[in-house]
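Q: My file is run.cif. It has mmCIF, C-alpha atoms (C1' of nucleotides):
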data_protein
loop_
_atom_site.label_atom_id
_atom_site.label_comp_id
_atom_site.auth_asym_id
_atom_site.auth_seq_id
_atom_site.Cartn_x
_atom_site.Cartn_y
_atom_site.Cartn_z
CA MET R 721 -25.53 14.40 -15.63
CA GLY R 722 -25.93 12.80 -19.02
CA ARG R 723 -28.48 10.09 -19.62
CA ASP R 724 -25.86 7.45 -20.40
CA LEU R 725 -23.90 8.10 -17.22
CA ALA R 726 -27.07 8.04 -15.15
CA ALA R 727 -27.94 4.67 -16.64
CA VAL R 728 -24.52 3.22 -15.87
CA LEU R 729 -24.64 4.48 -12.27
CA SER R 730 -27.98 2.74 -11.85
CA GLY R 731 -26.32 -0.56 -12.75
CA PRO R 732 -23.65 -2.72 -11.08
CA VAL R 733 -21.06 -0.83 -9.06
CA LEU R 734 -17.98 -2.08 -10.95
CA PRO R 735 -18.91 -0.65 -14.36
CA ALA R 736 -20.19 2.43 -12.55
CA ALA R 737 -16.85 3.00 -10.85
CA ARG R 738 -15.05 2.45 -14.14
CA ALA R 739 -17.35 4.94 -15.89
CA LEU R 740 -16.73 7.64 -13.29
CA LEU R 741 -13.01 7.71 -14.09
CA GLY R 742 -12.35 10.65 -16.37
CA CYS R 743 -15.71 12.25 -15.61
CA VAL R 744 -15.95 15.93 -14.79
CA LEU R 745 -17.02 16.80 -11.26
CA ARG R 746 -18.17 20.34 -10.60
CA ALA R 747 -18.75 21.69 -7.10
CA ASN R 748 -18.89 25.24 -5.83
CA GLY R 749 -18.04 26.54 -9.28
CA VAL R 750 -14.87 24.46 -9.70
CA ALA R 751 -14.53 21.74 -12.35
CA VAL R 752 -12.14 18.78 -12.02
CA ARG R 753 -11.60 15.34 -13.53
CA LEU R 754 -11.93 12.15 -11.48
CA SER R 755 -8.70 10.15 -11.58
CA GLU R 756 -9.07 7.53 -8.82
CA VAL R 757 -12.08 5.76 -7.28
CA GLU R 758 -12.97 2.71 -5.19
CA ALA R 759 -16.04 0.46 -5.46
CA TYR R 760 -17.95 -0.67 -2.35
CA HIS R 761 -20.59 -3.38 -2.60
CA GLY R 762 -23.84 -3.49 -0.70
CA MET R 763 -25.28 -4.94 2.46
CA GLY R 764 -24.27 -8.40 3.58
CA GLN R 765 -21.42 -8.75 1.11
CA ASP R 766 -18.47 -6.37 1.17
CA GLU R 767 -17.01 -6.30 4.70
CA ALA R 768 -15.31 -2.99 3.97
CA SER R 769 -18.54 -1.26 3.02
CA HIS R 770 -20.26 1.07 5.47
CA ALA R 771 -23.49 -0.68 4.49
CA HIS R 772 -22.46 -4.28 4.98
CA ARG R 773 -24.13 -4.63 8.40
CA GLY R 774 -27.32 -3.00 7.20
CA ARG R 775 -28.95 0.37 7.26
CA THR R 776 -28.02 2.94 9.89
CA PRO R 777 -28.68 6.68 10.10
CA ARG R 778 -25.25 7.43 8.62
CA ASN R 779 -25.37 5.11 5.61
CA THR R 780 -29.05 5.39 4.76
CA ILE R 781 -28.39 7.42 1.62
CA MET R 782 -26.46 4.42 0.24
CA PHE R 783 -29.72 2.47 0.16
CA GLY R 784 -31.41 5.08 -2.00
CA PRO R 785 -31.32 5.42 -5.79
CA ALA R 786 -28.14 5.97 -7.81
CA GLY R 787 -26.69 9.37 -8.60
CA PHE R 788 -26.72 10.87 -5.11
CA ALA R 789 -23.82 11.98 -2.95
CA TYR R 790 -22.97 10.06 0.24
CA LEU R 791 -20.67 12.09 2.50
CA TYR R 792 -19.19 10.68 5.68
CA PHE R 793 -17.03 12.19 8.40
CA THR R 794 -14.10 10.15 9.69
CA TYR R 795 -11.10 10.30 12.04
CA GLY R 796 -12.66 13.30 13.74
CA MET R 797 -11.66 15.68 10.98
CA HIS R 798 -12.11 14.46 7.42
CA TRP R 799 -15.00 14.36 4.96
CA CYS R 800 -15.06 11.82 2.12
CA MET R 801 -17.44 11.67 -0.84
CA ASN R 802 -19.12 8.74 -2.56
CA VAL R 803 -21.48 8.44 -5.50
CA VAL R 804 -24.36 6.06 -4.80
CA THR R 805 -24.86 3.35 -7.43
CA GLU R 806 -27.32 0.55 -8.35
CA GLU R 807 -31.04 0.54 -7.82
CA GLU R 808 -32.90 1.77 -4.76
CA GLY R 809 -32.57 -0.75 -1.92
CA HIS R 810 -29.10 -1.89 -3.01
CA ALA R 811 -26.45 -0.08 -0.94
CA SER R 812 -23.39 0.19 -3.14
CA ALA R 813 -21.28 3.28 -3.76
CA VAL R 814 -18.12 4.61 -5.35
CA LEU R 815 -15.61 6.49 -3.18
CA LEU R 816 -13.92 9.41 -4.94
CA ARG R 817 -10.22 9.13 -3.99
CA ALA R 818 -8.37 11.57 -6.21
CA LEU R 819 -8.93 14.13 -8.94
CA GLU R 820 -7.04 16.01 -11.58
CA PRO R 821 -7.52 19.80 -11.66
CA VAL R 822 -8.63 21.18 -15.01
CA ALA R 823 -8.12 24.79 -13.92
CA HIS R 824 -6.31 26.41 -11.04
CA LEU R 825 -7.16 24.77 -7.74
CA GLU R 826 -5.64 25.38 -4.31
CA GLY R 827 -4.37 22.45 -2.27
CA ARG R 828 -3.65 18.81 -2.93
CA THR R 829 -6.30 16.54 -4.41
CA GLN R 830 -4.70 13.10 -4.01
CA GLY R 831 -6.71 11.36 -1.32
CA PRO R 832 -10.43 11.23 -0.48
CA ALA R 833 -10.26 13.78 2.33
CA LEU R 834 -7.91 16.11 0.46
CA LEU R 835 -10.25 15.97 -2.54
CA CYS R 836 -13.20 17.14 -0.46
CA LYS R 837 -11.17 19.81 1.27
CA ALA R 838 -9.87 21.22 -2.02
CA MET R 839 -13.37 21.27 -3.52
CA GLY R 840 -15.05 22.73 -0.45
CA ILE R 841 -17.25 19.64 -0.12
CA ASP R 842 -18.56 18.58 3.30
CA GLY R 843 -21.47 16.87 5.02
CA ARG R 844 -23.95 19.49 3.90
CA LEU R 845 -23.95 17.79 0.50
CA THR R 846 -24.87 14.31 1.71
CA GLY R 847 -28.07 13.19 0.02
CA HIS R 848 -27.62 15.83 -2.64
CA ASP R 849 -28.13 14.72 -6.23
CA LEU R 850 -25.42 15.14 -8.87
CA VAL R 851 -27.32 17.20 -11.39
CA SER R 852 -27.54 20.59 -9.68
CA ASP R 853 -25.55 23.78 -10.04
CA SER R 854 -23.75 23.29 -6.74
CA LEU R 855 -22.87 19.65 -7.42
CA HIS R 856 -22.63 17.96 -10.78
CA ILE R 857 -21.00 15.02 -12.54
CA ASP R 858 -20.74 14.71 -16.29
CA ASP R 859 -19.22 12.31 -18.79
CA PRO R 860 -17.14 14.42 -21.20
CA ARG R 861 -17.53 11.66 -23.82
CA ASP R 862 -13.84 11.88 -24.49
CA GLU R 863 -12.87 9.74 -27.45
CA ARG R 864 -9.60 8.75 -25.83
CA THR R 865 -9.67 5.29 -24.31
CA ILE R 866 -8.89 5.30 -20.63
CA ARG R 867 -6.60 2.53 -19.47
CA VAL R 868 -7.64 1.49 -15.98
CA VAL R 869 -5.29 0.16 -13.30
CA LYS R 870 -6.88 -2.15 -10.71
CA ARG R 871 -5.50 -2.45 -7.19
CA PRO R 872 -6.68 -3.45 -3.70
CA ARG R 873 -8.51 -0.71 -1.81
CA ILE R 874 -6.72 1.50 0.70
CA GLY R 875 -7.24 1.37 4.46
CA VAL R 876 -9.53 -1.67 4.61
CA ASP R 877 -7.16 -4.36 5.93
CA TYR R 878 -9.77 -5.35 8.52
CA ALA R 879 -12.12 -6.58 5.78
CA GLY R 880 -10.85 -10.16 5.37
CA HIS R 881 -10.69 -11.41 1.80
CA TRP R 882 -12.54 -8.30 0.66
CA ALA R 883 -9.38 -6.33 1.42
CA LYS R 884 -7.61 -8.23 -1.36
CA ARG R 885 -10.18 -7.68 -4.09
CA LEU R 886 -9.14 -5.33 -6.87
CA LEU R 887 -11.77 -2.67 -6.30
CA ARG R 888 -9.59 0.41 -6.50
CA PHE R 889 -9.38 1.90 -9.98
CA TYR R 890 -7.30 4.71 -11.39
CA ILE R 891 -6.36 6.10 -14.77
CA ALA R 892 -3.10 4.56 -15.97
CA GLY R 893 -0.32 7.08 -16.25
CA ASN R 894 -2.23 9.81 -14.45
CA PRO R 895 -0.08 11.44 -11.75
CA PHE R 896 -3.07 12.47 -9.62
CA ILE R 897 -3.23 9.26 -7.59
CA SER R 898 -3.33 8.91 -3.81
CA ARG R 899 -0.73 6.13 -3.69
CA LYS R 900 1.44 4.03 -5.93
"C1'" DT O 518 11.73 4.63 1.66
"C1'" DC O 519 9.11 2.70 5.14
"C1'" DA O 520 6.85 2.31 9.67
"C1'" DT O 521 4.82 4.62 13.47
"C1'" DT O 522 2.05 7.92 15.72
"C1'" DG O 523 -0.84 12.03 17.12
"C1'" DA O 524 -4.77 14.79 15.93
"C1'" DT O 525 -9.77 14.67 16.79
"C1'" DG O 526 -14.83 13.38 17.12
"C1'" DG O 527 -18.84 10.83 14.95
"C1'" DT O 528 -20.83 6.28 14.83
"C1'" DC O 529 -22.16 1.93 16.38
"C1'" DT O 530 -22.29 -2.02 19.81
"C1'" DG D 180 -15.54 2.18 24.78
"C1'" DA D 181 -13.58 0.76 20.40
"C1'" DC D 182 -13.15 1.65 15.97
"C1'" DC D 183 -12.35 4.40 11.87
"C1'" DA D 184 -12.96 4.06 3.41
"C1'" DT D 185 -7.25 9.91 6.64
"C1'" DC D 186 -3.31 12.96 6.75
"C1'" DA D 187 1.07 14.99 8.18
"C1'" DA D 188 4.95 14.75 10.92
"C1'" DT D 189 8.50 12.07 12.83
"C1'" DG D 190 12.31 8.86 13.20
"C1'" DA D 191 14.75 4.68 11.98
"C1'" DG D 192 17.45 2.35 8.47
#
In structure tokens, write the structure found in this file.
A:
Amino acid sequence: MGRDLAAVLSGPVLPAARALLGCVLRANGVAVRLSEVEAYHGMGQDEASHAHRGRTPRNTIMFGPAGFAYLYFTYGMHWCMNVVTEEEGHASAVLLRALEPVAHLEGRTQGPALLCKAMGIDGRLTGHDLVSDSLHIDDPRDERTIRVVKRPRIGVDYAGHWAKRLLRFYIAGNPFISRK
DNA sequence: TCATTGATGGTCT
DNA sequence: GACCATCAATGAG
């Protein structure tokens, strides 16, 4: 991971989420481009965040330093991946919701669980950093400006006014999006 | 096109 | 015991 991206991930979650759009994720030898993400704030704030009630065994990686993977298992069958952001002790993260293949890739990639399935990512990677051979995120430093669409997050209707906040981001015009 | 539901099991109260 | 940052299949309109 480049120095600039690492610095942004160590800062506030909104710019971090924005910066991850268009970045190249590589896992198990496959490279893809991130096309849709969601931002989740830390403890005591965001009612949709896994960390909002405090630290538990599951979410403890969210409280660590930025640039690590937080994997969680949900609905009895799906893995979803986050990138931890902000400084150690602040539990915010960015959920990876969809990606655009850059080479041949089997299966659909529009949705957080589909993304993990297609990339062969599961709970074994939780707590893993994003600078290794098996898991890596890089900013391609593309000169093109990415137009970002902001929408409410998916599947968090229980979260009161936090459900309405525009914390879901995707690349405008990109077809690899989980939902219109 | 939209709403509903079953699958399936970890996590937290 | 209830809930769940999901997905695919189903059926109504």
Q: Pull out every residue that the PyMOL selection byres ((chain D) within 9 of (chain R)) matches in the shown coordinates and put them as a list in words.
A: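 What the PyMOL selection byres ((chain D) within 9 of (chain R)) grabs from the file is DC183, DA184, DT185 and DC186 of chain D.
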Q: Which distance in Å separates CA of Leu887 in chain R and CA of Tyr790 in chain R, to one decimal?
A: 18.2 Å
Q: Apply the PyMOL selection byres ((chain D and resi 180) around 10) to the displayed file and report the matching residues as a list in words.
A: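 Answer for the PyMOL selection byres ((chain D and resi 180) around 10): DT530 of chain O; DA181 and DC182 of chain D.
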Q: Show which residues sit within 12 Å of DT189 in chain D, as a short mmCIF file (atom, residue, chain, number, x, y, z; two decimals) with C-alpha atoms (C1' of nucleotides), in the coordinates of the input. Count all atoms listed in the file, and ignore same-chain residues fewer than 3 positions away.
A:
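Ended up saving to result_35.cif:
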data_model
loop_
_atom_site.label_atom_id
_atom_site.label_comp_id
_atom_site.auth_asym_id
_atom_site.auth_seq_id
_atom_site.Cartn_x
_atom_site.Cartn_y
_atom_site.Cartn_z
"C1'" DA O 520 6.85 2.31 9.67
"C1'" DT O 521 4.82 4.62 13.47
"C1'" DT O 522 2.05 7.92 15.72
"C1'" DG O 523 -0.84 12.03 17.12
#
Q: Name every residue that the PyMOL selection byres ((chain O) within 12 of (chain R)) selects in this structure, writing the answer as a ChimeraX atom specification with chains first and numbers rising.
A: /O:523-530
Q: How would you write as a list of chain:residue names the residues that get within 10 Å of (-6.1, -4.0, -14.5) in the file's frame, counting only C-alpha atoms (C1' of nucleotides)?
A: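 Protein, DNA and RNA residues close to (-6.1, -4.0, -14.5): R:Arg867, R:Val868, R:Val869, R:Lys870, R:Arg871, R:Leu886, R:Arg888, R:Phe889, R:Tyr890, R:Ala892.
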Q: Quick one: distance from CA of Arg738 in chain R to CA of Val803 in chain R in Å, one decimal?
A: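 Going from CA of Arg738 in chain R over to CA of Val803 in chain R covers 12.3 Å.
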Q: Tell me, in Å to one decimal, how far CA of Ala789 in chain R is from CA of Ile897 in chain R.
A: 21.3 Å
Q: Mind checking which residues fall within 6 Å of range 725-732 of chain R, counting only C-alpha atoms (C1' of nucleotides), ignoring those fewer than 2 positions away in the same chain, and posting them as JSON, numbers by chain?
A: {"R": [722, 723, 734, 736, 786, 805, 806, 807]}
Q: For Ala747 in chain R, please output as an MDAnalysis selection string all residues within 9 Å (counting only C-alpha atoms (C1' of nucleotides); exclusion window: fewer than 5 positions along the same chain).
A: chainID R and resid 752 839:841 853:857
Q: Would you pick out the contacts of Gly742 in chain R at 10 Å or less, using all atoms listed in the file, so that residues sharing its chain but fewer than 5 positions from it are not included, and give the list as a list in words?
A: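 Counting only the stated atoms, we get Val752, Arg753, Leu754, Ser755, Glu756, Leu819, Glu820, Asp858, Asp859, Pro860, Arg861, Asp862, Thr865, Ile866, Tyr890 and Ile891 of chain R.
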